[in-house]
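As structure tokens, the structure follows; a few thoughts come after it.
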Amino acid sequence: MSYLRSWGRAAQPVMHLAWGLIGISVLVVSVIGVLVAIPLVRAAPARSAPLASPVARGGSGLAWIYIGVGISTLVLLAIVVWTLFTLAAVASPFERPAFTIEIHGHQWWWEARYLGTPASRTFVTANELHIPVGRAVRLELIGDDVIHSFWIPALAGKTDVIPGQTNLAWIEADAPGVYVGQCTEYCGGQHAHMAAFAIAEPAASFDRWWAAQVTPAANPPTGPLAHGAALFDAHCAACHAVRGTAAGGILGPDLTHVMSRRTIAAGALTNDSRSLAAWIENAQRIKPGCAMPTLNLNRADLAAVVAYVQTLR
Amino acid sequence: MAPRLARLAELWSTAPGWRGFFSSVDHKQIGIRYVVTAFVFLIAGGIEALVMRVQLSHSNLGILSPEAYDQLFTMHGFSMIFLYAGPVLSGFSNYLFPLLLGSRDMAFPRLNALSYWIYVFAGLFLYASFPLGLAPDAGWFNYPPYSSAAYNPGLNIDFYVLGLVFLGISTTVGAANFVVTLLRMRAPGMSINRLPILVWGTLTASVGNLLAVPAVSLGCVLLLMDRRFGTHFFDVETAGQPLLWQHLFWMFGHPWVYAIVLPALGIVSDALPTFCRRPLVGYTPVALATVTTMIVGFGVWLHHMFATGMPMMSLAFFGAASMVITIPSAVSAFAWIATLWTGRPIRTTAFLFFASFIFLFVVGGVSGVMTGAVPLDWQLTDTYFVVAHLHYVLIGINVFPVVGGIYYWFPKVTGRLMDERLGRWNFWTMLIGFNLGFFPMHIAGLMGMPRRIYTYSPGLGWDGVNLVTTIGSFMFAVGVALFLVNVVRSLKHGAPAGENPWDAATLEWSVPSPVPAYNFAVIPLIASRHPLWEERLQETERSSLERGLRLENGRETLATTVMDAEADLILKMPGDSYAPLALAVGLAALFVGLLAHSAAVAGIGVVASALSLLAWLWPERILGQRAESAHG
């Protein structure tokens, strides 16, 4: 989550500014520390009664202010100029963005809608953004409930996600990797469990990923999985969508390709069968207050639902 | 005691016992109460912080539920910012203002009492939410939509908005009182260029409050109407604007930050020179810097909102303004450093607090510059880096001067010195604990740890810094406890102080310790900034502290002209009164009624308030101002 090592042109100028200002700050604090410490050490111990120490004007001392404030002002001016140049460098993308992702902030997960051309290539996923290495990607941040803030520290600074307005941001990663982020505007009880991930990959594998995401789920399963699918339709479909099936809910994350994601519940759990079972059985124990209800499935039904969900690759 | 002084003492004394406690309008008593009450809230807020620090000492701990954590961090912020940091400085200024200015009381003594009582009741009002399990939980900044009825339907937020409006009344009347007192209640000769810097700081902060508090009170009223009566100021569904709250809140919030540090800077500017055995270097630049800080402080609120999607032009402007504000701070910092270097410092406990404050001030200053750099702030904001920054500002610039100030003025208030040996333990524990606790928060922030999370996952690398922070914060708490022990012990066992134990220069040290009820036996005539050092500094003109207006026909003090402080009028001052307490109780009933949806209770509150005001304003012969004024 640190941004002191950043990747990409939306973050690196800021990283240089960060290191520069940390350096200046450490220097300033050291100089002032010495200027305070020397008289402190040289001061007479408190035991000598103040009355014994004579009062005197001791010179105007104004030179200290002139010199000190003069130097401070020059340093500040330099910082202002550097800051404005950095601002200009990251304010807009270095190239025409490859595509746009609409990001909706929800209590407490991220919905990502990849806008494709043609529109048939548009699809929806959650919490994990795949991006092609080296390309600028435009983000449209749309608030749906309360205010959130979208932040992938190693790729860009944060931008608030505010209901009633659409904020714009952009990211780029110049190296493949998984970049971790988190909501940074207090948004309620599970603000702590609202992670986001950016997964940067080479163009070829990114294109494959997109193509896979666009496809609907495989035909409704038969055999032992059919029971799980039926349970899913009965218990989950009101909130979750699985494209290509009857499940078309829009309140929760789109689960068409849920198994292509590394984590579930906005980073709260790794995506494996145990976590899925725990989450489906009693999400409130894991993220108290979240919108996912407790389903009260018996053990066999739970296993059947998990088995079905695990087919959604 | 001379019969004349006995008579003055009788005229000005508060009634003994409970009667006096509930009816006193003596600025000294009110000042002490303010400080004591503020420390009670500091302790409450501190305990809240320690509980949170236990929860955060390691990843994935479950000591607190998310709801409990959210209520704790909200109440911690509210307590420290609204119920400690502001009021404690009001306490100092209340106690010291008339003494620094050469007056016998504040301009409006009953308003002063009202301001205190409302503060107490507003604090109790808010804390009543805790036992009900309904404490505010949307942060001290309380952003809608999260604080709207749709997402936060309980009474939690109602406690917040009503409590803040209620407290705002206290802040407002208190500020008005300081401004008028300063303008009209100085001793003759205490011209505007002879005011102690604390007075400049309090004046500036008070004017700031008068302009800033209406913004947040308005915001609170709008939010209450949204929550209760279905208006749509912040409601997106009907084209309301959540950002409107942020603007109103920070238009208040940022000036408020300066309001709770400028008087504290004044404490240092006035008290540090005493221990450096010379007048403050650069009086005029420091006074002007104080005022400049406040003025620029009204133009930087947007730097709390850099990530909200503002136009680049606004970002550049507010970013630059946020850096410019560093320049007046640099003026003060170098004035103090110059005072240290060109004086002959004496290492008392108070001096240690003031000198270390300069260092903490600069640490908080440079991290402030970093957060003022817009693109960098997009990384820093809402991380622990900001938590570190604001604690260096609020603890470094408020708590350290306040504790130093108490070591300094304790003998004036009680007649006894605080223990210096325990004081050094107190100081070093606080200083080391503070830096151990709060410095690592910078690092946690640079490692990406967001604010206001009740827990975090292992593997993010945040465990170590958080454990150190927790240890440091407990050590800091021990330091504060040592301070309180020292206060309590010294009340009984402190060495007798005498009038002027530090051989200080300003007016308050010319009267006995503890200060008699009437403050000054005669109204002094002031000829310089340091009336008690004039001889040694070879001033050409001398103040007259022994001879002056006696004003002993009833509770009388002097009004002077605004700029030059020439004698103008003799003022008849009111005595003990229950009206302020009654009015505060009436208003408290009104707010409780509004909270509880009870028109009956609210109505009783309104009637009680009206009756109290009637009693307050009832003409009294004794308050009839004399026809002739001092200069015709």
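By convention here, the chains of the structure tokens are called A, B, ... in the order presented, each chain's residues are numbered starting at 1, and ligands are numbered starting at 1 in the order presented.
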
Query - Shell around Arg547 of chain B at 9 Å using only C-alpha atoms, local window under 4 positions removed, as a list in words - result: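 Those residues are Val522, Ile523, Pro524 and Leu525 of chain B.
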
Requested in this report: Check the DSSP output for the backbone and give back, as a list in words, the residues of segment 197-294 of chain A in strand (DSSP E).
Outcome: Phe197, Ala198, Ile199, Ala200, Glu201, Thr263, Ile264, Leu269 and Thr270 of chain A

Keeping C-alpha atoms, export the residues of the selection given above as a PDB file, in the first residue's frame.
```
ATOM      1  CA  PHE A 197      -6.900  -4.291  -6.628  1.00  0.00           C
ATOM      2  CA  ALA A 198      -5.385  -3.297  -9.926  1.00  0.00           C
ATOM      3  CA  ILE A 199      -3.863  -6.188 -11.830  1.00  0.00           C
ATOM      4  CA  ALA A 200      -1.586  -4.998 -14.595  1.00  0.00           C
ATOM      5  CA  GLU A 201      -0.751  -7.512 -17.294  1.00  0.00           C
ATOM      6  CA  THR A 263     -10.513 -12.408  -3.364  1.00  0.00           C
ATOM      7  CA  ILE A 264     -14.121 -12.082  -2.376  1.00  0.00           C
ATOM      8  CA  LEU A 269     -11.295 -13.236   2.100  1.00  0.00           C
ATOM      9  CA  THR A 270      -9.185 -15.160  -0.375  1.00  0.00           C
TER      10      THR A 270
END
```

Report task. With a cut-off of 6 Å and counting only C-alpha atoms, select all residues of chain A in contact with chain B and give the selection as number ranges by chain. Result -> A: 1-2, 14, 25, 33, 43-46, 50-51, 55-58, 61, 64-65, 69, 83, 87, 146, 157-160, 164, 167, 184, 189, 192

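Across A:Thr125, A:Thr311, A:Ser53, A:Thr166, the tightest approach to Thr222 of chain A is made by A:Thr311 when counting only C-alpha atoms.
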
Query - Top pick for closest residue to Leu96 of chain B, considering B:Lys28, B:Arg4, B:Arg194, B:Arg550 and counting only C-alpha atoms - result: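 Using only C-alpha atoms, the shortest distance to Leu96 of chain B belongs to B:Lys28.
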
**Report entry** Within 12 Å of Gly396 of chain B using only C-alpha atoms, minus same-chain residues under 2 positions, as number ranges by chain
**Finding:** B: 85, 260-261, 264-265, 268, 353-365, 388-394, 398-404, 430-431, 434-435, 438-439

Could you write those residues out with N, CA and C atoms, as an mmCIF file, in the first residue's frame?
```
data_model
loop_
_atom_site.group_PDB
_atom_site.id
_atom_site.type_symbol
_atom_site.label_atom_id
_atom_site.label_comp_id
_atom_site.auth_asym_id
_atom_site.auth_seq_id
_atom_site.Cartn_x
_atom_site.Cartn_y
_atom_site.Cartn_z
ATOM 1 N N ALA B 85 -9.674 21.470 23.329
ATOM 2 C CA ALA B 85 -8.678 22.410 22.788
ATOM 3 C C ALA B 85 -9.167 23.852 22.772
ATOM 4 N N ILE B 260 -7.675 27.430 17.811
ATOM 5 C CA ILE B 260 -7.229 26.639 18.952
ATOM 6 C C ILE B 260 -5.710 26.528 19.013
ATOM 7 N N VAL B 261 -5.003 27.235 18.144
ATOM 8 C CA VAL B 261 -3.549 27.291 18.341
ATOM 9 C C VAL B 261 -3.047 28.714 18.585
ATOM 10 N N ALA B 264 -2.557 29.678 22.074
ATOM 11 C CA ALA B 264 -1.489 28.868 22.661
ATOM 12 C C ALA B 264 -0.121 29.398 22.232
ATOM 13 N N LEU B 265 -0.011 29.838 20.982
ATOM 14 C CA LEU B 265 1.241 30.471 20.549
ATOM 15 C C LEU B 265 1.481 31.723 21.387
ATOM 16 N N VAL B 268 3.136 30.983 24.661
ATOM 17 C CA VAL B 268 4.586 30.819 24.526
ATOM 18 C C VAL B 268 5.257 32.172 24.310
ATOM 19 N N PHE B 353 8.793 22.861 28.410
ATOM 20 C CA PHE B 353 7.605 22.677 27.576
ATOM 21 C C PHE B 353 7.583 23.686 26.428
ATOM 22 N N PHE B 354 7.937 24.933 26.713
ATOM 23 C CA PHE B 354 7.866 25.948 25.661
ATOM 24 C C PHE B 354 8.931 25.703 24.597
ATOM 25 N N ALA B 355 10.153 25.373 25.035
ATOM 26 C CA ALA B 355 11.233 25.183 24.069
ATOM 27 C C ALA B 355 10.943 23.961 23.190
ATOM 28 N N SER B 356 10.462 22.855 23.818
ATOM 29 C CA SER B 356 10.187 21.669 23.001
ATOM 30 C C SER B 356 8.998 21.923 22.084
ATOM 31 N N PHE B 357 8.098 22.782 22.537
ATOM 32 C CA PHE B 357 6.968 23.149 21.683
ATOM 33 C C PHE B 357 7.447 23.707 20.335
ATOM 34 N N ILE B 358 8.512 24.531 20.381
ATOM 35 C CA ILE B 358 8.989 25.131 19.124
ATOM 36 C C ILE B 358 9.333 24.021 18.129
ATOM 37 N N PHE B 359 9.984 22.975 18.649
ATOM 38 C CA PHE B 359 10.369 21.855 17.801
ATOM 39 C C PHE B 359 9.133 21.144 17.242
ATOM 40 N N LEU B 360 8.155 20.861 18.120
ATOM 41 C CA LEU B 360 6.957 20.149 17.681
ATOM 42 C C LEU B 360 6.164 20.988 16.679
ATOM 43 N N PHE B 361 6.167 22.301 16.897
ATOM 44 C CA PHE B 361 5.509 23.252 16.005
ATOM 45 C C PHE B 361 6.082 23.128 14.597
ATOM 46 N N VAL B 362 7.396 23.002 14.518
ATOM 47 C CA VAL B 362 8.035 22.922 13.207
ATOM 48 C C VAL B 362 7.765 21.559 12.557
ATOM 49 N N VAL B 363 7.762 20.488 13.371
ATOM 50 C CA VAL B 363 7.441 19.167 12.801
ATOM 51 C C VAL B 363 6.030 19.201 12.216
ATOM 52 N N GLY B 364 5.077 19.731 12.993
ATOM 53 C CA GLY B 364 3.702 19.834 12.490
ATOM 54 C C GLY B 364 3.609 20.771 11.302
ATOM 55 N N GLY B 365 4.491 21.764 11.272
ATOM 56 C CA GLY B 365 4.489 22.717 10.160
ATOM 57 C C GLY B 365 4.953 22.094 8.861
ATOM 58 N N ALA B 388 -0.953 11.851 12.095
ATOM 59 C CA ALA B 388 0.287 12.299 12.734
ATOM 60 C C ALA B 388 0.376 13.820 12.701
ATOM 61 N N HIS B 389 0.136 14.392 11.515
ATOM 62 C CA HIS B 389 0.236 15.845 11.356
ATOM 63 C C HIS B 389 -0.681 16.566 12.340
ATOM 64 N N LEU B 390 -1.937 16.141 12.395
ATOM 65 C CA LEU B 390 -2.870 16.928 13.214
ATOM 66 C C LEU B 390 -2.591 16.744 14.703
ATOM 67 N N HIS B 391 -2.009 15.604 15.084
ATOM 68 C CA HIS B 391 -1.677 15.461 16.503
ATOM 69 C C HIS B 391 -0.426 16.265 16.863
ATOM 70 N N TYR B 392 0.515 16.385 15.920
ATOM 71 C CA TYR B 392 1.641 17.275 16.198
ATOM 72 C C TYR B 392 1.147 18.707 16.343
ATOM 73 N N VAL B 393 0.143 19.058 15.536
ATOM 74 C CA VAL B 393 -0.387 20.413 15.636
ATOM 75 C C VAL B 393 -1.168 20.582 16.947
ATOM 76 N N LEU B 394 -2.095 19.657 17.213
ATOM 77 C CA LEU B 394 -2.992 19.888 18.345
ATOM 78 C C LEU B 394 -2.321 19.588 19.686
ATOM 79 N N ASN B 398 -0.980 22.890 21.113
ATOM 80 C CA ASN B 398 -1.971 23.254 22.118
ATOM 81 C C ASN B 398 -1.607 22.665 23.484
ATOM 82 N N VAL B 399 -1.458 21.347 23.573
ATOM 83 C CA VAL B 399 -1.269 20.725 24.887
ATOM 84 C C VAL B 399 0.070 21.138 25.518
ATOM 85 N N PHE B 400 1.147 21.137 24.740
ATOM 86 C CA PHE B 400 2.438 21.488 25.344
ATOM 87 C C PHE B 400 2.453 22.919 25.885
ATOM 88 N N PRO B 401 2.034 23.915 25.111
ATOM 89 C CA PRO B 401 1.969 25.258 25.702
ATOM 90 C C PRO B 401 0.992 25.348 26.875
ATOM 91 N N VAL B 402 -0.113 24.616 26.800
ATOM 92 C CA VAL B 402 -1.082 24.682 27.896
ATOM 93 C C VAL B 402 -0.453 24.131 29.180
ATOM 94 N N VAL B 403 0.202 22.982 29.079
ATOM 95 C CA VAL B 403 0.810 22.415 30.282
ATOM 96 C C VAL B 403 1.935 23.330 30.775
ATOM 97 N N GLY B 404 2.755 23.820 29.844
ATOM 98 C CA GLY B 404 3.785 24.783 30.234
ATOM 99 C C GLY B 404 3.162 26.009 30.874
ATOM 100 N N MET B 430 6.151 12.938 28.890
ATOM 101 C CA MET B 430 5.232 13.427 27.863
ATOM 102 C C MET B 430 5.938 13.590 26.527
ATOM 103 N N LEU B 431 7.132 14.175 26.555
ATOM 104 C CA LEU B 431 7.831 14.451 25.287
ATOM 105 C C LEU B 431 8.201 13.149 24.575
ATOM 106 N N PHE B 434 5.043 11.181 23.601
ATOM 107 C CA PHE B 434 4.355 11.801 22.468
ATOM 108 C C PHE B 434 5.045 11.460 21.149
ATOM 109 N N ASN B 435 6.362 11.645 21.112
ATOM 110 C CA ASN B 435 7.065 11.398 19.852
ATOM 111 C C ASN B 435 7.095 9.917 19.494
ATOM 112 N N PHE B 438 3.396 9.280 18.264
ATOM 113 C CA PHE B 438 2.827 9.929 17.098
ATOM 114 C C PHE B 438 3.771 10.001 15.916
ATOM 115 N N PHE B 439 5.086 9.964 16.143
ATOM 116 C CA PHE B 439 5.959 10.016 14.972
ATOM 117 C C PHE B 439 5.757 8.815 14.056
#
```

Query raised in the report: Which residue, B:Thr202, B:Thr371, B:Thr469, B:Thr429, has the smallest gap to Thr290 of chain B when you use only C-alpha atoms?
Result: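 Closest residue, counting only C-alpha atoms: B:Thr202.
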
Would you list the contacts of Ile81 of chain B as an mmCIF file with N, CA and C atoms, in the first residue's frame, taking every protein, DNA or RNA residue within 10 Å and counting only C-alpha atoms, but skipping same-chain residues closer than 6 positions in sequence?
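selection_11.cif written:
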```cif
data_model
loop_
_atom_site.group_PDB
_atom_site.id
_atom_site.type_symbol
_atom_site.label_atom_id
_atom_site.label_comp_id
_atom_site.auth_asym_id
_atom_site.auth_seq_id
_atom_site.Cartn_x
_atom_site.Cartn_y
_atom_site.Cartn_z
ATOM 1 N N LEU B 42 -10.426 16.200 28.266
ATOM 2 C CA LEU B 42 -9.155 15.690 27.719
ATOM 3 C C LEU B 42 -8.916 14.269 28.209
ATOM 4 N N GLY B 45 -11.424 11.985 26.424
ATOM 5 C CA GLY B 45 -10.984 11.761 25.046
ATOM 6 C C GLY B 45 -9.720 10.916 25.003
ATOM 7 N N MET B 75 -16.168 10.400 19.008
ATOM 8 C CA MET B 75 -16.209 11.132 20.278
ATOM 9 C C MET B 75 -14.817 11.610 20.690
ATOM 10 N N PRO B 87 -11.985 25.205 24.560
ATOM 11 C CA PRO B 87 -12.322 25.681 25.903
ATOM 12 C C PRO B 87 -11.117 25.869 26.833
ATOM 13 N N TRP B 140 -15.777 13.284 13.446
ATOM 14 C CA TRP B 140 -16.018 14.654 13.927
ATOM 15 C C TRP B 140 -16.390 15.563 12.770
ATOM 16 N N GLY B 253 -14.070 24.757 9.969
ATOM 17 C CA GLY B 253 -13.075 23.870 10.568
ATOM 18 C C GLY B 253 -11.663 24.397 10.471
ATOM 19 N N TRP B 256 -11.046 27.338 12.706
ATOM 20 C CA TRP B 256 -11.108 26.839 14.084
ATOM 21 C C TRP B 256 -9.754 26.267 14.503
ATOM 22 N N VAL B 257 -9.081 25.584 13.565
ATOM 23 C CA VAL B 257 -7.755 25.057 13.885
ATOM 24 C C VAL B 257 -6.847 26.195 14.351
ATOM 25 N N ILE B 260 -7.675 27.430 17.811
ATOM 26 C CA ILE B 260 -7.229 26.639 18.952
ATOM 27 C C ILE B 260 -5.710 26.528 19.013
ATOM 28 N N LEU B 394 -2.095 19.657 17.213
ATOM 29 C CA LEU B 394 -2.992 19.888 18.345
ATOM 30 C C LEU B 394 -2.321 19.588 19.686
#
```

Query raised in the report: Please, which residues of segment 18-67 of chain A, numbered as in this document, come out alpha helix (DSSP H) from DSSP, as a ChimeraX atom specification?
Result: /A:18-42,62-67
